[in-house]
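**Q** Contents of query.csv (CSV, C-alpha atoms) are given next:
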chain,number,residue,atom,x,y,z
A,8,MET,CA,102.5,87.7,92.6
A,9,CYS,CA,104.9,90.5,93.3
A,10,GLN,CA,108.5,90.6,92.2
A,11,LEU,CA,109.5,90.1,95.8
A,12,ASN,CA,110.8,86.7,96.9
A,13,TYR,CA,108.1,86.6,99.6
A,14,ASP,CA,107.3,83.0,100.6
A,15,PRO,CA,105.8,82.6,104.1
A,16,ASN,CA,105.7,78.8,103.5
A,17,ALA,CA,109.5,78.7,103.9
A,18,LEU,CA,109.2,80.5,107.2
A,19,VAL,CA,106.4,78.3,108.5
A,20,ASN,CA,108.2,75.1,107.5
A,21,SER,CA,111.5,76.3,109.0
A,22,VAL,CA,109.9,77.1,112.3
A,23,ILE,CA,108.0,73.8,112.4
A,24,TYR,CA,111.4,72.0,111.9
A,25,MET,CA,113.2,74.1,114.5
A,26,LEU,CA,110.6,73.6,117.2
A,27,GLU,CA,110.3,69.9,116.2
A,28,LEU,CA,106.6,70.1,115.7
A,29,LYS,CA,104.4,67.8,113.6
A,30,ASN,CA,102.3,70.2,111.6
A,31,ASP,CA,100.6,73.6,111.3
A,32,PHE,CA,98.1,72.8,114.0
A,33,HIS,CA,100.8,72.3,116.6
A,34,LEU,CA,102.5,75.5,115.5
A,35,SER,CA,99.3,77.4,115.9
A,36,LYS,CA,98.9,76.1,119.5
A,37,VAL,CA,102.5,77.1,120.4
A,38,LEU,CA,102.0,80.6,118.9
A,39,GLY,CA,98.6,81.0,120.4
A,40,VAL,CA,96.8,81.7,117.1
A,41,SER,CA,94.0,79.8,115.4
A,42,PRO,CA,95.0,77.1,112.9
A,43,SER,CA,93.2,79.1,110.2
A,44,THR,CA,95.7,81.9,110.7
A,45,ILE,CA,98.6,79.7,109.7
A,46,ALA,CA,96.5,78.3,106.8
A,47,ARG,CA,95.8,81.9,105.6
A,48,ILE,CA,99.4,82.8,105.8
A,49,ARG,CA,100.4,79.8,103.8
A,50,CYS,CA,97.8,80.6,101.1
A,51,PHE,CA,99.0,84.3,100.8
A,52,GLN,CA,95.7,85.5,102.1
A,53,LEU,CA,97.3,87.0,105.3
A,54,LEU,CA,100.6,88.7,105.6
A,55,VAL,CA,103.0,87.7,108.5
A,56,SER,CA,102.3,90.6,110.9
A,57,ALA,CA,104.7,92.2,113.2
A,58,SER,CA,103.0,90.6,116.2
A,59,MET,CA,103.4,87.2,114.5
A,60,LEU,CA,107.1,87.9,114.0
A,61,VAL,CA,107.4,88.8,117.7
A,62,ARG,CA,105.7,85.5,118.7
A,63,LEU,CA,108.0,83.6,116.4
A,64,HIS,CA,111.0,85.4,117.8
A,65,GLN,CA,110.0,84.5,121.4
A,66,GLU,CA,109.5,80.8,120.5
A,67,THR,CA,112.6,80.3,118.3
A,68,GLY,CA,115.1,82.8,119.6
A,69,LEU,CA,115.8,84.0,116.1
A,70,SER,CA,116.0,87.7,115.5
A,71,ILE,CA,113.3,89.5,113.5
A,72,LYS,CA,115.8,90.1,110.7
A,73,GLU,CA,116.5,86.3,110.5
A,74,LEU,CA,112.8,85.5,110.5
A,75,ARG,CA,112.1,88.0,107.8
A,76,ALA,CA,115.0,86.5,105.7
A,77,LEU,CA,113.5,83.0,106.1
A,78,MET,CA,110.4,84.2,104.3
A,79,GLY,CA,112.4,86.0,101.6
A,80,ASP,CA,111.8,89.5,103.0
A,81,GLU,CA,115.1,91.3,102.9
A,82,ARG,CA,113.9,94.9,102.8
A,83,LYS,CA,115.7,97.3,105.1
A,84,PHE,CA,112.4,98.6,106.5
A,85,PHE,CA,108.8,97.5,106.5
A,86,GLU,CA,106.4,98.6,103.9
A,87,ARG,CA,102.8,97.5,103.8
A,88,ILE,CA,102.2,95.9,100.4
A,89,ASP,CA,98.9,94.8,98.9
A,90,LEU,CA,99.6,91.3,97.6
A,91,ALA,CA,96.7,91.4,95.1
A,92,THR,CA,98.1,94.5,93.2
A,93,CYS,CA,101.7,94.6,94.4
A,94,THR,CA,101.4,98.2,95.4
A,95,LYS,CA,102.6,99.9,98.5
A,96,ILE,CA,100.0,101.0,101.0
A,97,VAL,CA,100.9,104.5,101.9
A,98,SER,CA,99.9,106.1,105.2
A,99,PRO,CA,98.0,109.4,104.9
A,100,PRO,CA,100.2,112.5,104.8
A,101,TYR,CA,101.0,114.6,107.8
A,102,LYS,CA,100.3,118.3,107.9
A,103,LYS,CA,102.1,120.9,110.0
A,104,ASN,CA,100.2,122.8,112.7
A,105,SER,CA,101.0,126.5,112.0
A,106,THR,CA,101.0,127.5,115.6
A,107,ASN,CA,103.6,125.2,117.2
A,108,GLY,CA,105.1,123.2,114.3
A,109,SER,CA,104.0,119.9,115.7
A,110,GLU,CA,102.9,117.3,113.2
A,111,LEU,CA,99.3,116.2,113.3
A,112,LYS,CA,97.8,113.3,111.4
A,113,GLU,CA,94.9,114.1,109.1
A,114,SER,CA,91.6,112.6,110.1
A,115,LEU,CA,91.2,109.1,108.7
A,116,THR,CA,88.1,107.7,107.3
A,117,PRO,CA,87.1,104.2,108.5
A,118,HIS,CA,88.3,102.5,105.3
A,119,GLN,CA,91.8,103.9,105.7
A,120,ILE,CA,92.3,102.5,109.2
A,121,VAL,CA,94.0,99.1,109.0
In C-alpha coordinates, how does this file's structure come out?

**A**
Amino acid sequence: MCQLNYDPNALVNSVIYMLELKNDFHLSKVLGVSPSTIARIRCFQLLVSASMLVRLHQETGLSIKELRALMGDERKFFERIDLATCTKIVSPPYKKNSTNGSELKESLTPHQIV
(Lines of atoms letter the chains of each structure in order from A and count residues from 1; the text may use other names and numbers.)
(Lines give C-alpha, C1' and ligand atoms only; values in the text may rest on other atoms or scores of the structure.)
Protein backbone atom coordinates (compact mmCIF):
# COMPACT_ATOMS: atom_id res chain seq x y z
CA MET A 1 0.00 0.00 0.00
CA CYS A 2 1.02 3.63 -0.35
CA GLN A 3 2.94 5.62 2.19
CA LEU A 4 -0.28 7.56 2.79
CA ASN A 5 -2.21 6.93 5.99
CA TYR A 6 -5.32 6.25 3.91
CA ASP A 7 -7.72 4.01 5.82
CA PRO A 8 -11.35 4.23 4.71
CA ASN A 9 -12.32 1.71 7.41
CA ALA A 10 -11.79 4.38 10.06
CA LEU A 11 -14.14 6.71 8.18
CA VAL A 12 -16.82 4.06 7.72
CA ASN A 13 -16.61 2.95 11.36
CA SER A 14 -16.77 6.56 12.60
CA VAL A 15 -19.81 7.37 10.47
CA ILE A 16 -21.60 4.19 11.59
CA TYR A 17 -20.93 5.18 15.21
CA MET A 18 -22.02 8.83 14.70
CA LEU A 19 -25.26 7.87 12.99
CA GLU A 20 -25.90 5.09 15.53
CA LEU A 21 -26.26 2.45 12.84
CA LYS A 22 -25.77 -1.28 13.29
CA ASN A 23 -23.62 -2.20 10.29
CA ASP A 24 -22.46 -1.45 6.75
CA PHE A 25 -25.79 -2.56 5.29
CA HIS A 26 -27.68 0.13 7.21
CA LEU A 27 -25.07 2.73 6.25
CA SER A 28 -25.48 1.85 2.59
CA LYS A 29 -29.25 2.37 2.84
CA VAL A 30 -28.80 5.75 4.55
CA LEU A 31 -26.32 6.88 1.88
CA GLY A 32 -28.34 5.45 -1.00
CA VAL A 33 -25.59 3.18 -2.32
CA SER A 34 -25.39 -0.57 -2.67
CA PRO A 35 -23.93 -2.61 0.20
CA SER A 36 -21.21 -3.82 -2.17
CA THR A 37 -20.01 -0.22 -2.56
CA ILE A 38 -19.28 0.00 1.16
CA ALA A 39 -17.63 -3.44 1.07
CA ARG A 40 -15.42 -2.43 -1.87
CA ILE A 41 -14.40 0.78 -0.05
CA ARG A 42 -13.46 -1.26 3.03
CA CYS A 43 -11.38 -3.69 0.94
CA PHE A 44 -9.49 -0.85 -0.82
CA GLN A 45 -11.02 -1.83 -4.16
CA LEU A 46 -12.85 1.48 -4.48
CA LEU A 47 -11.73 4.93 -3.40
CA VAL A 48 -14.05 7.20 -1.44
CA SER A 49 -15.33 9.45 -4.21
CA ALA A 50 -16.20 13.12 -4.01
CA SER A 51 -19.90 12.28 -4.34
CA MET A 52 -19.60 9.81 -1.45
CA LEU A 53 -17.95 12.51 0.67
CA VAL A 54 -20.81 14.88 -0.15
CA ARG A 55 -23.37 12.24 0.88
CA LEU A 56 -21.46 11.62 4.11
CA HIS A 57 -21.34 15.38 4.75
CA GLN A 58 -25.10 15.68 4.24
CA GLU A 59 -25.84 12.84 6.65
CA THR A 60 -23.29 13.63 9.39
CA GLY A 61 -22.95 17.40 9.18
CA LEU A 62 -19.16 17.06 9.24
CA SER A 63 -17.15 19.14 6.80
CA ILE A 64 -15.44 17.47 3.85
CA LYS A 65 -12.09 18.30 5.44
CA GLU A 66 -13.11 16.54 8.67
CA LEU A 67 -14.35 13.49 6.75
CA ARG A 68 -11.09 13.31 4.78
CA ALA A 69 -9.13 13.56 8.03
CA LEU A 70 -11.12 10.64 9.47
CA MET A 71 -9.85 8.41 6.68
CA GLY A 72 -6.29 9.69 7.00
CA ASP A 73 -6.36 11.93 3.93
CA GLU A 74 -4.74 15.18 5.01
CA ARG A 75 -3.65 16.43 1.61
CA LYS A 76 -4.39 20.07 0.88
CA PHE A 77 -5.94 19.20 -2.48
CA PHE A 78 -7.27 16.10 -4.20
CA GLU A 79 -5.04 14.00 -6.39
CA ARG A 80 -6.26 10.84 -7.98
CA ILE A 81 -4.01 7.98 -6.91
CA ASP A 82 -3.84 4.45 -8.26
CA LEU A 83 -3.81 2.30 -5.12
CA ALA A 84 -2.19 -0.65 -6.87
CA THR A 85 0.91 1.28 -7.95
CA CYS A 86 0.79 4.31 -5.61
CA THR A 87 1.20 6.64 -8.55
CA LYS A 88 -0.67 9.82 -9.32
CA ILE A 89 -3.15 9.71 -12.15
CA VAL A 90 -2.42 12.83 -14.14
CA SER A 91 -4.96 14.53 -16.35
CA PRO A 92 -3.95 15.02 -19.97
CA PRO A 93 -2.15 18.29 -20.69
CA TYR A 94 -3.87 21.38 -21.98
CA LYS A 95 -2.81 23.13 -25.13
CA LYS A 96 -3.25 26.79 -26.01
CA ASN A 97 -5.34 27.82 -28.96
CA SER A 98 -3.17 30.17 -30.99
CA THR A 99 -6.09 32.35 -32.12
CA ASN A 100 -7.73 33.48 -28.88
CA GLY A 101 -5.49 32.08 -26.09
CA SER A 102 -8.23 29.96 -24.56
CA GLU A 103 -7.28 26.58 -23.20
CA LEU A 104 -8.65 23.50 -24.92
CA LYS A 105 -8.40 19.99 -23.64
CA GLU A 106 -6.68 17.54 -25.95
CA SER A 107 -8.92 14.83 -27.26
CA LEU A 108 -9.16 11.88 -24.92
CA THR A 109 -9.13 8.26 -25.87
CA PRO A 110 -11.78 6.10 -24.14
CA HIS A 111 -9.24 4.50 -21.78
CA GLN A 112 -8.24 7.91 -20.45
CA ILE A 113 -11.76 8.89 -19.47
CA VAL A 114 -12.50 8.01 -15.86

**Q** So the first atom is atom CA of Leu38 of chain A and the second is atom CA of Thr67 of chain A; what is the distance between them in Å, to one decimal place?

**A**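 Interatomic distance here is 10.6 Å.
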
**Q** Here is a test: counting all atoms listed in the file, which residue of A:Leu69, A:Leu74, A:Leu26, A:Val19 is nearest to Thr44 of chain A?

**A**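 Among the listed residues, the smallest separation from Thr44 of chain A belongs to A:Val19.
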
**Q** Report, in Å with one decimal, the straight-line distance from atom CA of Leu60 of chain A to atom CA of Tyr13 of chain A.

**A**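 For atom CA of Leu60 of chain A relative to atom CA of Tyr13 of chain A, the distance reads 14.5 Å.
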
**Q** Please determine, counting all atoms listed in the file, which residue among A:Gly68, A:Val37, A:Val55, A:Asp31 has the shortest atom-to-atom distance to Asp14 of chain A.

**A**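 Of A:Gly68, A:Val37, A:Val55, A:Asp31, the one nearest Asp14 of chain A, counting all atoms listed in the file, is A:Val55.
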
**Q** So, counting all atoms listed in the file, which residue among A:Asn20, A:Lys72, A:Met25, A:Glu81 is closest to Ile48 of chain A?

**A** A:Asn20

**Q** So, with all atoms listed in the file as the atoms that count, which of A:Leu18, A:Ile23, A:Leu54, A:Met78 lies closest to Ser35 of chain A?

**A**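 Checking each candidate against Ser35 of chain A, we get A:Ile23 as the closest.
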
**Q** Could you jot down the atom CA of Gly79 of chain A to atom CA of Lys36 of chain A separation for me, Å, one decimal place?

**A**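 Result for atom CA of Gly79 of chain A versus atom CA of Lys36 of chain A: 24.5 Å, one decimal.
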
**Q** Using only C-alpha atoms, can you tell me which of A:Val61, A:Ala76, A:Val22, A:Pro15 comes closest to Ala46 of chain A?

**A** A:Pro15

**Q** Place N, CA and C atoms on segment 35-46 of chain A and deliver the coordinates as a PDB file, in the frame of the given file.

**A**
ATOM      1  N   SER A  35     100.296  76.423 115.524  1.00  0.00           N
ATOM      2  CA  SER A  35      99.300  77.400 115.900  1.00  0.00           C
ATOM      3  C   SER A  35      99.068  77.397 117.432  1.00  0.00           C
ATOM      4  N   LYS A  36      99.091  76.224 118.037  1.00  0.00           N
ATOM      5  CA  LYS A  36      98.900  76.100 119.500  1.00  0.00           C
ATOM      6  C   LYS A  36     100.090  76.728 120.230  1.00  0.00           C
ATOM      7  N   VAL A  37     101.302  76.500 119.726  1.00  0.00           N
ATOM      8  CA  VAL A  37     102.500  77.100 120.400  1.00  0.00           C
ATOM      9  C   VAL A  37     102.478  78.594 120.275  1.00  0.00           C
ATOM     10  N   LEU A  38     102.045  79.124 119.133  1.00  0.00           N
ATOM     11  CA  LEU A  38     102.000  80.600 118.900  1.00  0.00           C
ATOM     12  C   LEU A  38     100.804  81.251 119.515  1.00  0.00           C
ATOM     13  N   GLY A  39      99.802  80.468 119.872  1.00  0.00           N
ATOM     14  CA  GLY A  39      98.600  81.000 120.400  1.00  0.00           C
ATOM     15  C   GLY A  39      97.689  81.700 119.417  1.00  0.00           C
ATOM     16  N   VAL A  40      97.682  81.171 118.206  1.00  0.00           N
ATOM     17  CA  VAL A  40      96.800  81.700 117.100  1.00  0.00           C
ATOM     18  C   VAL A  40      95.925  80.525 116.666  1.00  0.00           C
ATOM     19  N   SER A  41      94.913  80.847 115.908  1.00  0.00           N
ATOM     20  CA  SER A  41      94.000  79.800 115.400  1.00  0.00           C
ATOM     21  C   SER A  41      94.724  79.079 114.225  1.00  0.00           C
ATOM     22  N   PRO A  42      94.405  77.819 114.010  1.00  0.00           N
ATOM     23  CA  PRO A  42      95.000  77.100 112.900  1.00  0.00           C
ATOM     24  C   PRO A  42      94.673  77.755 111.533  1.00  0.00           C
ATOM     25  N   SER A  43      93.518  78.418 111.444  1.00  0.00           N
ATOM     26  CA  SER A  43      93.200  79.100 110.200  1.00  0.00           C
ATOM     27  C   SER A  43      94.123  80.257 109.888  1.00  0.00           C
ATOM     28  N   THR A  44      94.692  80.851 110.925  1.00  0.00           N
ATOM     29  CA  THR A  44      95.700  81.900 110.700  1.00  0.00           C
ATOM     30  C   THR A  44      96.884  81.407 109.975  1.00  0.00           C
ATOM     31  N   ILE A  45      97.398  80.275 110.401  1.00  0.00           N
ATOM     32  CA  ILE A  45      98.600  79.700 109.700  1.00  0.00           C
ATOM     33  C   ILE A  45      98.182  79.281 108.304  1.00  0.00           C
ATOM     34  N   ALA A  46      96.989  78.727 108.124  1.00  0.00           N
ATOM     35  CA  ALA A  46      96.500  78.300 106.800  1.00  0.00           C
ATOM     36  C   ALA A  46      96.420  79.545 105.875  1.00  0.00           C
TER      37      ALA A  46
END
